[in-house]
Every structure is written in C-alpha cells, then in structure tokens.
$ cat final-v5.txt   # compact mmCIF, N, CA and C atoms
# COMPACT_ATOMS: atom_id res chain seq x y z
N MET A 1 157.93 76.36 144.70
CA MET A 1 157.01 77.03 143.84
C MET A 1 157.64 77.27 142.49
N SER A 2 156.81 77.09 141.50
CA SER A 2 157.31 77.35 140.15
C SER A 2 156.82 78.71 139.70
N ALA A 3 157.60 79.36 138.95
CA ALA A 3 157.26 80.71 138.47
C ALA A 3 156.31 80.60 137.28
N ALA A 4 155.42 81.53 137.18
CA ALA A 4 154.50 81.55 136.03
C ALA A 4 155.30 81.84 134.78
N PRO A 5 154.86 81.24 133.67
CA PRO A 5 155.61 81.49 132.43
C PRO A 5 155.52 82.97 132.06
N ALA A 6 156.60 83.47 131.62
CA ALA A 6 156.66 84.89 131.24
C ALA A 6 155.96 85.07 129.89
N ALA A 7 155.32 86.20 129.72
CA ALA A 7 154.64 86.49 128.45
C ALA A 7 155.68 86.68 127.36
N ALA A 8 155.34 86.22 126.20
CA ALA A 8 156.26 86.35 125.07
C ALA A 8 156.42 87.83 124.75
N PRO A 9 157.62 88.22 124.41
CA PRO A 9 157.82 89.63 124.08
C PRO A 9 157.04 89.99 122.81
N LEU A 10 156.53 91.19 122.74
CA LEU A 10 155.77 91.67 121.60
C LEU A 10 156.74 91.97 120.47
N THR A 11 156.60 91.23 119.40
CA THR A 11 157.53 91.40 118.27
C THR A 11 156.87 92.24 117.18
N ARG A 12 157.70 92.73 116.29
CA ARG A 12 157.19 93.50 115.16
C ARG A 12 156.29 92.65 114.30
N ARG A 13 156.61 91.39 114.13
CA ARG A 13 155.81 90.48 113.32
C ARG A 13 154.40 90.31 113.92
N ALA A 14 154.29 90.17 115.24
CA ALA A 14 153.00 90.02 115.89
C ALA A 14 152.16 91.29 115.75
N VAL A 15 152.79 92.45 115.88
CA VAL A 15 152.07 93.72 115.73
C VAL A 15 151.54 93.86 114.30
N LEU A 16 152.38 93.55 113.31
CA LEU A 16 151.96 93.67 111.91
C LEU A 16 150.84 92.66 111.58
N ARG A 17 150.93 91.45 112.11
CA ARG A 17 149.90 90.44 111.87
C ARG A 17 148.56 90.91 112.45
N THR A 18 148.59 91.47 113.66
CA THR A 18 147.38 91.97 114.29
C THR A 18 146.79 93.14 113.50
N ALA A 19 147.63 94.06 113.06
CA ALA A 19 147.16 95.21 112.28
C ALA A 19 146.57 94.75 110.95
N PHE A 20 147.21 93.79 110.28
CA PHE A 20 146.71 93.29 109.01
C PHE A 20 145.36 92.60 109.19
N THR A 21 145.23 91.80 110.23
CA THR A 21 143.96 91.10 110.50
C THR A 21 142.85 92.11 110.77
N ALA A 22 143.14 93.14 111.55
CA ALA A 22 142.14 94.17 111.83
C ALA A 22 141.74 94.90 110.54
N ALA A 23 142.70 95.17 109.67
CA ALA A 23 142.40 95.85 108.40
C ALA A 23 141.53 94.97 107.50
N VAL A 24 141.77 93.67 107.47
CA VAL A 24 140.96 92.77 106.66
C VAL A 24 139.52 92.73 107.19
N PHE A 25 139.35 92.64 108.49
CA PHE A 25 138.00 92.65 109.07
C PHE A 25 137.27 93.97 108.78
N ALA A 26 137.97 95.09 108.92
CA ALA A 26 137.36 96.40 108.66
C ALA A 26 136.96 96.54 107.19
N GLY A 27 137.83 96.09 106.29
CA GLY A 27 137.53 96.15 104.87
C GLY A 27 136.35 95.28 104.49
N THR A 28 136.29 94.08 105.06
CA THR A 28 135.17 93.18 104.78
C THR A 28 133.87 93.77 105.31
N ALA A 29 133.89 94.34 106.50
CA ALA A 29 132.69 94.95 107.06
C ALA A 29 132.23 96.13 106.22
N ALA A 30 133.16 96.95 105.74
CA ALA A 30 132.80 98.09 104.91
C ALA A 30 132.21 97.65 103.58
N ALA A 31 132.71 96.55 103.02
CA ALA A 31 132.19 96.06 101.74
C ALA A 31 130.82 95.42 101.90
N LEU A 32 130.57 94.76 103.01
CA LEU A 32 129.30 94.08 103.22
C LEU A 32 128.20 94.96 103.80
N ALA A 33 128.55 96.11 104.35
CA ALA A 33 127.55 96.97 104.99
C ALA A 33 126.42 97.37 104.04
N PRO A 34 126.70 97.84 102.80
CA PRO A 34 125.59 98.21 101.90
C PRO A 34 124.69 97.02 101.55
N VAL A 35 125.27 95.84 101.42
CA VAL A 35 124.49 94.65 101.09
C VAL A 35 123.56 94.31 102.25
N LEU A 36 124.06 94.35 103.45
CA LEU A 36 123.24 94.03 104.62
C LEU A 36 122.19 95.10 104.87
N ARG A 37 122.52 96.38 104.60
CA ARG A 37 121.55 97.45 104.76
C ARG A 37 120.42 97.33 103.74
N ALA A 38 120.72 96.87 102.54
CA ALA A 38 119.71 96.76 101.48
C ALA A 38 118.70 95.66 101.78
N ARG A 39 119.05 94.71 102.60
CA ARG A 39 118.14 93.60 102.91
C ARG A 39 117.06 94.01 103.89
N ARG A 40 117.27 95.10 104.63
CA ARG A 40 116.27 95.56 105.58
C ARG A 40 115.11 96.20 104.85
N PRO A 41 113.88 96.02 105.32
CA PRO A 41 112.75 96.67 104.66
C PRO A 41 112.85 98.18 104.81
N ARG A 42 112.51 98.89 103.74
CA ARG A 42 112.58 100.34 103.76
C ARG A 42 111.28 100.93 104.26
N GLN A 43 111.41 102.03 104.96
CA GLN A 43 110.25 102.75 105.44
C GLN A 43 109.99 103.88 104.44
N THR A 44 108.80 103.91 103.86
CA THR A 44 108.48 104.94 102.89
C THR A 44 107.72 106.07 103.56
N LEU A 45 107.97 107.25 103.08
CA LEU A 45 107.34 108.42 103.63
C LEU A 45 106.43 109.09 102.60
N THR A 46 105.96 108.33 101.61
CA THR A 46 105.08 108.89 100.60
C THR A 46 103.68 109.06 101.17
N PRO A 47 102.97 110.07 100.70
CA PRO A 47 101.62 110.26 101.22
C PRO A 47 100.71 109.13 100.78
N ALA A 48 99.70 108.87 101.57
CA ALA A 48 98.77 107.80 101.25
C ALA A 48 97.96 108.19 100.02
N PRO A 49 97.82 107.25 99.06
CA PRO A 49 97.03 107.59 97.88
C PRO A 49 95.56 107.71 98.22
N LEU A 50 94.85 108.39 97.36
CA LEU A 50 93.42 108.53 97.54
C LEU A 50 92.81 107.14 97.46
N ALA A 51 91.96 106.81 98.40
CA ALA A 51 91.37 105.47 98.45
C ALA A 51 90.54 105.24 97.20
N PRO A 52 90.48 103.97 96.72
CA PRO A 52 89.64 103.69 95.56
C PRO A 52 88.22 104.17 95.82
N GLY A 53 87.67 104.81 94.83
CA GLY A 53 86.35 105.40 95.01
C GLY A 53 86.43 106.78 95.62
N GLY A 54 87.65 107.28 95.87
CA GLY A 54 87.82 108.59 96.47
C GLY A 54 87.67 109.70 95.45
N GLU A 55 87.27 110.85 95.93
CA GLU A 55 87.06 112.00 95.06
C GLU A 55 87.68 113.23 95.69
N GLU A 56 88.05 114.17 94.82
CA GLU A 56 88.70 115.38 95.29
C GLU A 56 88.45 116.49 94.28
N THR A 57 88.40 117.73 94.76
CA THR A 57 88.34 118.88 93.87
C THR A 57 89.71 119.53 93.90
N TYR A 58 90.32 119.67 92.72
CA TYR A 58 91.65 120.26 92.60
C TYR A 58 91.59 121.34 91.53
N ARG A 59 91.87 122.57 91.92
CA ARG A 59 91.83 123.72 91.03
C ARG A 59 90.49 123.82 90.29
N GLY A 60 89.44 123.54 91.01
CA GLY A 60 88.11 123.65 90.45
C GLY A 60 87.68 122.48 89.58
N ARG A 61 88.51 121.45 89.48
CA ARG A 61 88.18 120.28 88.66
C ARG A 61 87.90 119.10 89.58
N HIS A 62 86.93 118.29 89.21
CA HIS A 62 86.55 117.13 90.01
C HIS A 62 87.40 115.93 89.58
N ILE A 63 88.16 115.37 90.51
CA ILE A 63 89.01 114.20 90.26
C ILE A 63 88.42 113.03 91.02
N ALA A 64 88.27 111.90 90.34
CA ALA A 64 87.81 110.67 90.99
C ALA A 64 88.79 109.57 90.65
N VAL A 65 89.27 108.88 91.67
CA VAL A 65 90.17 107.74 91.48
C VAL A 65 89.41 106.49 91.86
N GLY A 66 89.24 105.60 90.88
CA GLY A 66 88.49 104.38 91.09
C GLY A 66 89.39 103.19 91.38
N PRO A 67 88.80 102.02 91.43
CA PRO A 67 89.58 100.80 91.67
C PRO A 67 90.62 100.61 90.58
N ALA A 68 91.72 100.03 90.93
CA ALA A 68 92.83 99.71 90.02
C ALA A 68 93.41 100.96 89.36
N GLY A 69 93.26 102.12 89.99
CA GLY A 69 93.89 103.33 89.48
C GLY A 69 93.16 104.02 88.35
N ALA A 70 91.89 103.67 88.09
CA ALA A 70 91.11 104.35 87.06
C ALA A 70 90.87 105.80 87.50
N VAL A 71 91.14 106.75 86.60
CA VAL A 71 91.04 108.16 86.94
C VAL A 71 90.03 108.84 86.03
N ARG A 72 89.20 109.69 86.63
CA ARG A 72 88.25 110.51 85.87
C ARG A 72 88.44 111.96 86.30
N ILE A 73 88.45 112.84 85.30
CA ILE A 73 88.53 114.27 85.56
C ILE A 73 87.26 114.90 85.00
N ASP A 74 86.47 115.50 85.86
CA ASP A 74 85.16 116.06 85.49
C ASP A 74 84.30 115.02 84.79
N GLY A 75 84.37 113.78 85.23
CA GLY A 75 83.55 112.71 84.69
C GLY A 75 84.08 112.08 83.41
N ARG A 76 85.17 112.59 82.89
CA ARG A 76 85.75 112.05 81.66
C ARG A 76 86.96 111.18 82.01
N PRO A 77 87.10 110.02 81.37
CA PRO A 77 88.19 109.11 81.73
C PRO A 77 89.55 109.62 81.24
N LEU A 78 90.53 109.48 82.10
CA LEU A 78 91.92 109.78 81.75
C LEU A 78 92.63 108.45 81.56
N HIS A 79 93.25 108.27 80.41
CA HIS A 79 93.94 107.01 80.14
C HIS A 79 95.20 106.94 81.01
N VAL A 80 95.26 105.97 81.90
CA VAL A 80 96.36 105.80 82.85
C VAL A 80 97.06 104.49 82.56
N MET A 81 98.38 104.52 82.56
CA MET A 81 99.18 103.31 82.34
C MET A 81 100.08 103.09 83.55
N ARG A 82 100.21 101.86 83.96
CA ARG A 82 101.07 101.49 85.08
C ARG A 82 102.40 101.03 84.54
N ARG A 83 103.48 101.58 85.04
CA ARG A 83 104.82 101.20 84.59
C ARG A 83 105.32 100.01 85.40
N ALA A 84 106.37 99.39 84.91
CA ALA A 84 106.94 98.21 85.57
C ALA A 84 107.48 98.55 86.97
N ASP A 85 107.92 99.78 87.18
CA ASP A 85 108.46 100.15 88.49
C ASP A 85 107.37 100.56 89.48
N GLY A 86 106.08 100.47 89.06
CA GLY A 86 104.98 100.77 89.96
C GLY A 86 104.46 102.18 89.85
N SER A 87 105.12 103.03 89.07
CA SER A 87 104.64 104.40 88.91
C SER A 87 103.59 104.45 87.79
N TYR A 88 103.00 105.61 87.61
CA TYR A 88 101.91 105.78 86.64
C TYR A 88 102.28 106.87 85.64
N LEU A 89 101.75 106.75 84.41
CA LEU A 89 101.87 107.81 83.42
C LEU A 89 100.60 107.86 82.60
N SER A 90 100.40 108.98 81.90
CA SER A 90 99.18 109.16 81.12
C SER A 90 99.52 109.73 79.76
N GLY A 91 98.50 109.79 78.91
CA GLY A 91 98.69 110.36 77.58
C GLY A 91 98.82 111.87 77.61
N ILE A 92 98.42 112.51 78.68
CA ILE A 92 98.55 113.96 78.79
C ILE A 92 100.03 114.35 78.83
N ASN A 93 100.79 113.65 79.66
CA ASN A 93 102.23 113.88 79.74
C ASN A 93 102.89 112.52 79.90
N HIS A 94 103.22 111.89 78.78
CA HIS A 94 103.78 110.55 78.86
C HIS A 94 105.30 110.55 78.99
N PHE A 95 105.88 111.70 79.26
CA PHE A 95 107.32 111.78 79.47
C PHE A 95 107.69 111.78 80.95
N GLN A 96 106.70 111.90 81.83
CA GLN A 96 106.97 111.92 83.27
C GLN A 96 106.05 110.94 83.97
N SER A 97 106.60 110.21 84.93
CA SER A 97 105.78 109.27 85.68
C SER A 97 105.53 109.82 87.08
N TYR A 98 104.47 109.31 87.72
CA TYR A 98 104.05 109.78 89.03
C TYR A 98 103.85 108.58 89.95
N GLU A 99 104.02 108.81 91.24
CA GLU A 99 103.95 107.73 92.23
C GLU A 99 102.54 107.18 92.42
N THR A 100 101.53 108.04 92.35
CA THR A 100 100.15 107.62 92.60
C THR A 100 99.25 108.14 91.49
N PRO A 101 98.09 107.50 91.29
CA PRO A 101 97.14 108.02 90.31
C PRO A 101 96.66 109.43 90.65
N LEU A 102 96.58 109.77 91.93
CA LEU A 102 96.15 111.10 92.33
C LEU A 102 97.16 112.16 91.89
N GLU A 103 98.45 111.89 92.09
CA GLU A 103 99.48 112.82 91.63
C GLU A 103 99.40 112.99 90.12
N LEU A 104 99.19 111.90 89.41
CA LEU A 104 99.07 111.94 87.96
C LEU A 104 97.87 112.78 87.55
N ALA A 105 96.73 112.61 88.22
CA ALA A 105 95.53 113.38 87.89
C ALA A 105 95.73 114.86 88.15
N ARG A 106 96.38 115.21 89.25
CA ARG A 106 96.65 116.62 89.53
C ARG A 106 97.56 117.23 88.46
N ALA A 107 98.58 116.48 88.04
CA ALA A 107 99.47 116.98 86.99
C ALA A 107 98.70 117.14 85.67
N ALA A 108 97.78 116.23 85.40
CA ALA A 108 96.97 116.34 84.18
C ALA A 108 96.09 117.58 84.23
N VAL A 109 95.51 117.88 85.40
CA VAL A 109 94.70 119.09 85.55
C VAL A 109 95.57 120.32 85.32
N ASP A 110 96.78 120.32 85.87
CA ASP A 110 97.69 121.44 85.65
C ASP A 110 97.99 121.61 84.16
N GLU A 111 98.20 120.53 83.47
CA GLU A 111 98.53 120.56 82.05
C GLU A 111 97.33 120.96 81.19
N LEU A 112 96.15 120.50 81.55
CA LEU A 112 94.95 120.81 80.78
C LEU A 112 94.55 122.28 80.87
N GLY A 113 94.77 122.89 82.01
CA GLY A 113 94.33 124.27 82.19
C GLY A 113 92.82 124.33 82.17
N THR A 114 92.27 125.13 81.24
CA THR A 114 90.82 125.26 81.14
C THR A 114 90.22 124.28 80.14
N ASN A 115 91.04 123.53 79.44
CA ASN A 115 90.54 122.57 78.45
C ASN A 115 89.94 121.34 79.11
N GLN A 116 89.07 120.66 78.39
CA GLN A 116 88.45 119.43 78.87
C GLN A 116 89.13 118.23 78.21
N LEU A 117 89.08 117.11 78.89
CA LEU A 117 89.52 115.86 78.27
C LEU A 117 88.52 115.48 77.18
N ALA A 118 89.01 114.90 76.11
CA ALA A 118 88.12 114.40 75.07
C ALA A 118 87.59 113.05 75.50
N PHE A 119 86.33 112.75 75.11
CA PHE A 119 85.81 111.42 75.37
C PHE A 119 86.58 110.43 74.52
N ALA A 120 86.73 109.21 74.99
CA ALA A 120 87.50 108.20 74.27
C ALA A 120 86.89 107.94 72.90
N ALA A 121 87.72 107.92 71.88
CA ALA A 121 87.26 107.64 70.52
C ALA A 121 87.17 106.14 70.31
N ALA A 122 86.39 105.73 69.32
CA ALA A 122 86.29 104.32 68.98
C ALA A 122 87.63 103.83 68.46
N HIS A 123 88.03 102.63 68.84
CA HIS A 123 89.30 102.08 68.43
C HIS A 123 89.11 101.05 67.32
N HIS A 124 90.12 100.86 66.53
CA HIS A 124 90.20 99.80 65.54
C HIS A 124 89.05 99.84 64.54
N GLY A 125 88.84 100.99 63.95
CA GLY A 125 87.88 101.10 62.85
C GLY A 125 86.44 100.96 63.27
N GLY A 126 86.08 101.51 64.42
CA GLY A 126 84.70 101.44 64.86
C GLY A 126 83.79 102.15 63.87
N GLN A 127 82.60 101.67 63.68
CA GLN A 127 81.67 102.25 62.71
C GLN A 127 80.92 103.42 63.32
N GLU A 128 80.59 104.39 62.47
CA GLU A 128 79.87 105.56 62.94
C GLU A 128 78.43 105.49 62.56
$ encode --input "final-v5.txt" --output "structure tokens"
Amino acid sequence: MSAAPAAAPLTRRAVLRTAFTAAVFAGTAAALAPVLRARRPRQTLTPAPLAPGGEETYRGRHIAVGPAGAVRIDGRPLHVMRRADGSYLSGINHFQSYETPLELARAAVDELGTNQLAFAAAHHGGQE
C-alpha cells in the first residue's frame, strides 16, 4: 500500500495570498454594490395624483386637474409648467417645484389666501 500524499504545510506566503485575494474580492463587491443596486427599479411611495378630470375642494377653493396637468382654481386657469425632472411649478411660486399638479394647486391656494387668480391676459400685443 502506498501512503496518501501529505498536505503541504501552510506557509506564511499562502496565508497572505489568501488574505489578499479575499480583500480584493471584498473591495470589488463594495465598489460595485451601489451600481448594481441602482439598476433595480425603485418602488415609489408617493400618493397617487388626482385623476385627469378630477376635482377637489381644498380650504374652500375648488381645484380641478384636467388632462396633461391643466389646473383650474375656482374655474380660473393656473399656469403650470412641467420641469425636465418631471416635477411641476407655477407662476404663483416659481421658486419651488412640486411632484404632482394637485400638490402645486394646493400650494397655490395656500399662497393666494383669499385672493383670486387673474384671468389670463392677451399675449403679444392683443388688441382691445
């Protein structure tokens, strides 16, 4: 009978090589984790916007959100602009953007107080 080959003795070089390899794998995984996490679809927890054609009374004011984000407050149109990031802003407060047209309309009502929106004026030298 022949004897089984004896295992090679564990040397300092082998231990250091194993530790270095483990450190490289751990470092690579830590660097790639944010990239791989960003590729997964995100779950949003924002409230559902008011459906097009939806209406609501907020602080005694009638808000209507129409198709494509058109907003009316007490029957008067509120000029709404869509930003490149998908948020909305208006002429009432053009320094802050809002996630939905409904949030924007509520903020406009808060800003207006008891005042009414003005009807849209004629643009570009309209005749009277």
$ closest_residue --input "final-v5.txt" --among "A:Leu10, A:Ala118, A:Ala30, A:Ile63" --to "Pro77 in chain A" --atoms "all atoms listed in the file"
A:Ala118
$ atom_distance --input "final-v5.txt" --atom1 "atom C of Ile92 in chain A" --atom2 "CA of Ala70 in chain A"
15.7 Å
$ atom_distance --input "final-v5.txt" --atom1 "atom C of Ala68 in chain A" --atom2 "CA of Gly113 in chain A"
24.4 Å
$ atom_distance --input "final-v5.txt" --atom1 "atom N of Gly75 in chain A" --atom2 "atom N of Ser97 in chain A"
22.5 Å
$ select_by_dssp --input "final-v5.txt" --residues "range 17-120 of chain A" --states "alpha helix (DSSP H)" --output "PyMOL selection string"
chain A and resi 17-38+101-112
$ residues_around --input "final-v5.txt" --residues "Ile73 in chain A" --least-positions-apart "6" --cutoff "8 Å" --atoms "all atoms listed in the file" --output "MDAnalysis selection string"
chainID A and resid 61:65 105 109 116:117
$ residues_around --input "final-v5.txt" --residues "Asn93 in chain A" --least-positions-apart "4" --cutoff "8 Å" --atoms "all atoms listed in the file" --output "NGL selection string"
:A and (89 or 97 or 107-108 or 111)
